[in-house]
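**Q** Below is the structure I would like to discuss, written out as structure tokens.
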Amino acid sequence: MNKTSRISFSDLIQQKLWAPSWQKAPLPLRLLINFLRYVVALIRDISRGQITLHAVSLVYTILLSIVPVLALCFSILKGLGVHKNQDVINLIDQFLQPLGPKGTEVTQQLLGFVENMRGDILGLFGVLFLFFVALSLIRKVENSFNSIWEIQGHKNFAKRLTEYVGVLVIAPVLMLSALALGTTISSHHLTQQASQVAPIGYLVENFGKIVPTILVIGTFTFLYKFIPNTKVKFKHALIGGSIAGFSWSFIGFLFANFVANSTRYTAIYSSFAILVMFMIWLYISCIILLIGARLVFYLSHSQHLKDGSVQISLSPLQEVGFASEIMLQVSKDFETGAQSWDIDALSRYYQLPSKNISQLIERLETAEIIRQDENGALFPRRQPTTISLSDIAKALFNNSKWTGSHKFDERLKGLLEDSQTNLMQALSEQSLSDILGRTIDQD
């Protein structure tokens, strides 16, 4: 069997899609190939199992927190004088449209649970518990997004709490305002007059059907933009939110037809059928949400499309080289004020997965050579004149917590220690400022 026949089908697709010859193809063909690259990359990531694993975790968290979240949102809306507003009930009902007639039943049951969660009965600790459960749901979404984005760090507690509370307070108000605005526009006399024209009349008549899709697109875009612990361009979040939102509506239409013809499942599960359908739809919605997040990641980091963002194995000398390069770039731009580097920017610049960059930054931070501000921007921890290349190497070599080195043969151990000493001595003769000075002279 020759070597070519041992290539898997997925590897063959990878080779064909990323063949250099496509760069000279006509523009329409290049756009088609680029579209297929995104599709193949997303299918590959789904098959690896991380997205589905996070989706299952999200479904479990949503089931535990959906009633507290709704109770908290209703309390906020009640303070604004819109409690029990029919628009709010319609909004929930529209998101459960894929469940068909059972969606209305789920809505009524959820509202019944919310009505039973009275603050005067629960007391202070009960209300705080509801608040904690609601925040845990947003935290779970953030952790899932950070995992999909290969982000290692987390926001500080104060910033995280502020954003979480903002989501709980602002999101229901914005969604209700958008729904009320759409209702006002559709009932306005100018709109009614314009609806006499056939195309506009068709849009006005079907406006209520597209409102859930618009709200879902807005929600997804909001989550993709603000939840990950990194800077996300609005256009990327909007593209991902739009594709995920339309996919949600289309799959919801198919799921509604499935539910309508699921009398056999109703007979099997009896009264549990509605719960089973609800959990399946939650799972599908979470899958769509996370696939959209991964799409936004690839839109922001197209260099990872071919192989994904799996971590690359680097040799010790390569790690020293990359860490030194990172310190050079950060120190150079810090002195000139030209650019503020972060992990994403370094990943794009060096075409290296974010996991590799994050691990190097973490070691340099532990050695107090580099620091990150609250926005993730990187700066030297101390003056470049006081940072030698040996300091960088020590930050990488001396981070091991393994205590079994005494098992080594003494001659081998001595040889390794002498080699490391010679390397450190050679690197200690060069500081970042020395290399920066030569770089500036060459420029």
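Just remember, in the structure tokens the first chain shown is A, the second B, etc., residues are 1-based per chain, and ligands are 1-based in the order shown.
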Please identify all polymer residues within 8 Å of Ser300 in chain A, counting only C-alpha atoms, omitting same-chain residues fewer than 6 positions from it, and present them as a PyMOL selection string.
**A** chain A and resi 232-233+236
**Q** What does the distance between CA of Val216 in chain A and CA of Asn257 in chain A come to in Å, to one decimal place?
**A**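 That distance, rounded to one decimal, is 20.2 Å.
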**Q** Let me make sure I understand: among A:Leu314, A:Leu299, A:Val276, A:Leu99, which one has the smallest atom-to-atom distance to Phe255 in chain A if we use only C-alpha atoms?
**A** A:Leu99
**Q** Name the residues in contact with Ala393 in chain A at a cut-off of 10 Å, using only C-alpha atoms, excluding same-chain residues fewer than 3 positions from it; report them as a PyMOL selection string.
**A** chain A and resi 316-317+319-321+323-324+364+388-390+396-398+420+423-424+427-428
**Q** Include N, CA and C atoms and write out the residues we just selected as an mmCIF file, in the first residue's frame.
**A**
```
data_model
loop_
_atom_site.group_PDB
_atom_site.id
_atom_site.type_symbol
_atom_site.label_atom_id
_atom_site.label_comp_id
_atom_site.auth_asym_id
_atom_site.auth_seq_id
_atom_site.Cartn_x
_atom_site.Cartn_y
_atom_site.Cartn_z
ATOM 1 N N PRO A 316 12.467 23.254 24.090
ATOM 2 C CA PRO A 316 12.858 24.248 25.100
ATOM 3 C C PRO A 316 13.523 25.483 24.506
ATOM 4 N N LEU A 317 14.382 25.294 23.502
ATOM 5 C CA LEU A 317 15.041 26.440 22.883
ATOM 6 C C LEU A 317 14.050 27.295 22.100
ATOM 7 N N GLU A 319 10.917 27.659 22.922
ATOM 8 C CA GLU A 319 10.182 28.406 23.941
ATOM 9 C C GLU A 319 10.976 29.628 24.402
ATOM 10 N N VAL A 320 12.270 29.445 24.608
ATOM 11 C CA VAL A 320 13.121 30.584 24.987
ATOM 12 C C VAL A 320 13.116 31.629 23.880
ATOM 13 N N GLY A 321 13.200 31.163 22.635
ATOM 14 C CA GLY A 321 13.206 32.086 21.509
ATOM 15 C C GLY A 321 11.914 32.883 21.411
ATOM 16 N N ALA A 323 9.654 33.385 23.835
ATOM 17 C CA ALA A 323 9.507 34.247 25.009
ATOM 18 C C ALA A 323 10.384 35.490 24.887
ATOM 19 N N SER A 324 11.597 35.323 24.378
ATOM 20 C CA SER A 324 12.483 36.470 24.181
ATOM 21 C C SER A 324 11.927 37.413 23.116
ATOM 22 N N LEU A 364 6.291 34.016 32.411
ATOM 23 C CA LEU A 364 6.978 35.304 32.524
ATOM 24 C C LEU A 364 6.343 36.174 33.603
ATOM 25 N N SER A 388 17.703 40.359 31.374
ATOM 26 C CA SER A 388 18.625 39.656 30.484
ATOM 27 C C SER A 388 17.925 38.452 29.874
ATOM 28 N N LEU A 389 18.517 37.936 28.823
ATOM 29 C CA LEU A 389 17.942 36.748 28.198
ATOM 30 C C LEU A 389 17.977 35.544 29.143
ATOM 31 N N SER A 390 18.950 35.551 30.051
ATOM 32 C CA SER A 390 19.010 34.449 31.020
ATOM 33 C C SER A 390 17.837 34.515 32.000
ATOM 34 N N LEU A 396 11.453 30.026 32.225
ATOM 35 C CA LEU A 396 10.904 28.860 31.537
ATOM 36 C C LEU A 396 11.472 27.556 32.068
ATOM 37 N N PHE A 397 12.777 27.547 32.413
ATOM 38 C CA PHE A 397 13.434 26.304 32.819
ATOM 39 C C PHE A 397 13.206 25.962 34.285
ATOM 40 N N ASN A 398 13.053 26.974 35.120
ATOM 41 C CA ASN A 398 13.013 26.741 36.563
ATOM 42 C C ASN A 398 11.596 26.711 37.131
ATOM 43 N N GLN A 420 23.308 23.743 31.270
ATOM 44 C CA GLN A 420 22.386 24.836 31.595
ATOM 45 C C GLN A 420 23.152 26.046 32.123
ATOM 46 N N LEU A 423 24.744 27.836 29.194
ATOM 47 C CA LEU A 423 23.726 28.546 28.417
ATOM 48 C C LEU A 423 23.294 29.819 29.141
ATOM 49 N N MET A 424 23.043 29.713 30.446
ATOM 50 C CA MET A 424 22.624 30.877 31.204
ATOM 51 C C MET A 424 23.710 31.949 31.221
ATOM 52 N N LEU A 427 23.645 33.726 27.869
ATOM 53 C CA LEU A 427 22.462 34.572 27.709
ATOM 54 C C LEU A 427 22.490 35.778 28.640
ATOM 55 N N SER A 428 23.143 35.636 29.789
ATOM 56 C CA SER A 428 23.172 36.736 30.750
ATOM 57 C C SER A 428 23.962 37.932 30.246
#
```
**Q** Here is a test: counting only C-alpha atoms, which residue of A:Phe278, A:Phe322, A:Phe250, A:Trp18 is nearest to Glu105 in chain A?
**A**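 Looking at the shortest contact to Glu105 in chain A, the residue is A:Phe278.
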**Q** Which of these, A:Thr336, A:Thr219, A:Gln303, A:Thr61, has the shortest distance to Ala41 in chain A once you count only C-alpha atoms?
**A**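 Closest to Ala41 in chain A, using only C-alpha atoms: A:Gln303.
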**Q** May I have all residues of range 311-408 of chain A that DSSP, computed from the backbone, assigns to alpha helix (DSSP H), given as an MDAnalysis selection string?
**A** chainID A and resid 316:336 343:350 354:366 389:397
**Q** What does the distance between CA of Lys332 in chain A and CA of Ala377 in chain A come to in Å, to one decimal place?
**A**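 We find that CA of Lys332 in chain A and CA of Ala377 in chain A lie 14.0 Å from each other.
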**Q** To one decimal in Å, tell me the separation between CA of Ala237 in chain A and CA of Tyr224 in chain A.
**A**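 A separation of 5.3 Å between them.
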**Q** Using only C-alpha atoms, which residue out of A:Leu63, A:Leu215, A:Ile243, A:Val69 lies closest to Leu295 in chain A?
**A**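 Looking at the shortest contact to Leu295 in chain A, the residue is A:Ile243.
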**Q** Contacts of Ile217 in chain A at 10 Å or less, counting only C-alpha atoms, minus same-chain residues fewer than 6 places along, as a list of chain:residue names?
**A**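 Surrounding residues, per the criterion: A:Val211, A:Leu223, A:Ala237, A:Leu238, A:Ile239, A:Gly240, A:Gly241, A:Ser242, A:Ile243, A:Ala244, A:Gly245, A:Phe246, A:Ser247, A:Trp248, A:Ser249.
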**Q** Excluding same-chain residues fewer than 5 positions from Gly376 in chain A, what lies within 8 Å of it counting only C-alpha atoms, as an MDAnalysis selection string?
**A** chainID A and resid 230 342:343
**Q** Excluding Ala367 in chain A and its own-chain neighbours fewer than 4 positions away, which residues fall within 10 Å of it when counting only C-alpha atoms? Please give them as a short mmCIF file (atom, residue, chain, number, x, y, z; two decimals) with N, CA and C atoms, in the first residue's frame.
**A**
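Saved file result_32.cif follows:
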```cif
data_model
loop_
_atom_site.label_atom_id
_atom_site.label_comp_id
_atom_site.auth_asym_id
_atom_site.auth_seq_id
_atom_site.Cartn_x
_atom_site.Cartn_y
_atom_site.Cartn_z
N ILE A 361 3.38 33.53 28.59
CA ILE A 361 3.09 34.75 29.35
C ILE A 361 2.91 34.44 30.83
N GLU A 362 2.25 33.32 31.13
CA GLU A 362 2.03 32.94 32.52
C GLU A 362 3.35 32.71 33.25
N ARG A 363 4.30 32.05 32.59
CA ARG A 363 5.61 31.83 33.22
C ARG A 363 6.37 33.13 33.41
N ARG A 371 3.78 41.88 32.65
CA ARG A 371 2.50 42.02 33.35
C ARG A 371 1.40 42.32 32.34
N ARG A 381 7.55 44.25 33.11
CA ARG A 381 7.37 44.43 34.55
C ARG A 381 8.43 45.36 35.13
N ASP A 391 17.36 35.73 32.32
CA ASP A 391 16.17 35.86 33.18
C ASP A 391 14.96 35.21 32.52
N ILE A 392 14.85 35.41 31.21
CA ILE A 392 13.74 34.82 30.47
C ILE A 392 13.87 33.31 30.45
N LYS A 394 15.43 31.41 32.62
CA LYS A 394 15.17 30.87 33.96
C LYS A 394 13.67 30.79 34.23
N ALA A 395 12.92 31.77 33.73
CA ALA A 395 11.47 31.76 33.93
C ALA A 395 10.83 30.54 33.29
N LEU A 396 11.45 30.03 32.22
CA LEU A 396 10.90 28.86 31.54
C LEU A 396 11.47 27.56 32.07
N ASN A 398 13.05 26.97 35.12
CA ASN A 398 13.01 26.74 36.56
C ASN A 398 11.60 26.71 37.13
N ASN A 399 10.62 26.40 36.28
CA ASN A 399 9.24 26.38 36.75
C ASN A 399 8.75 24.97 37.09
#
```
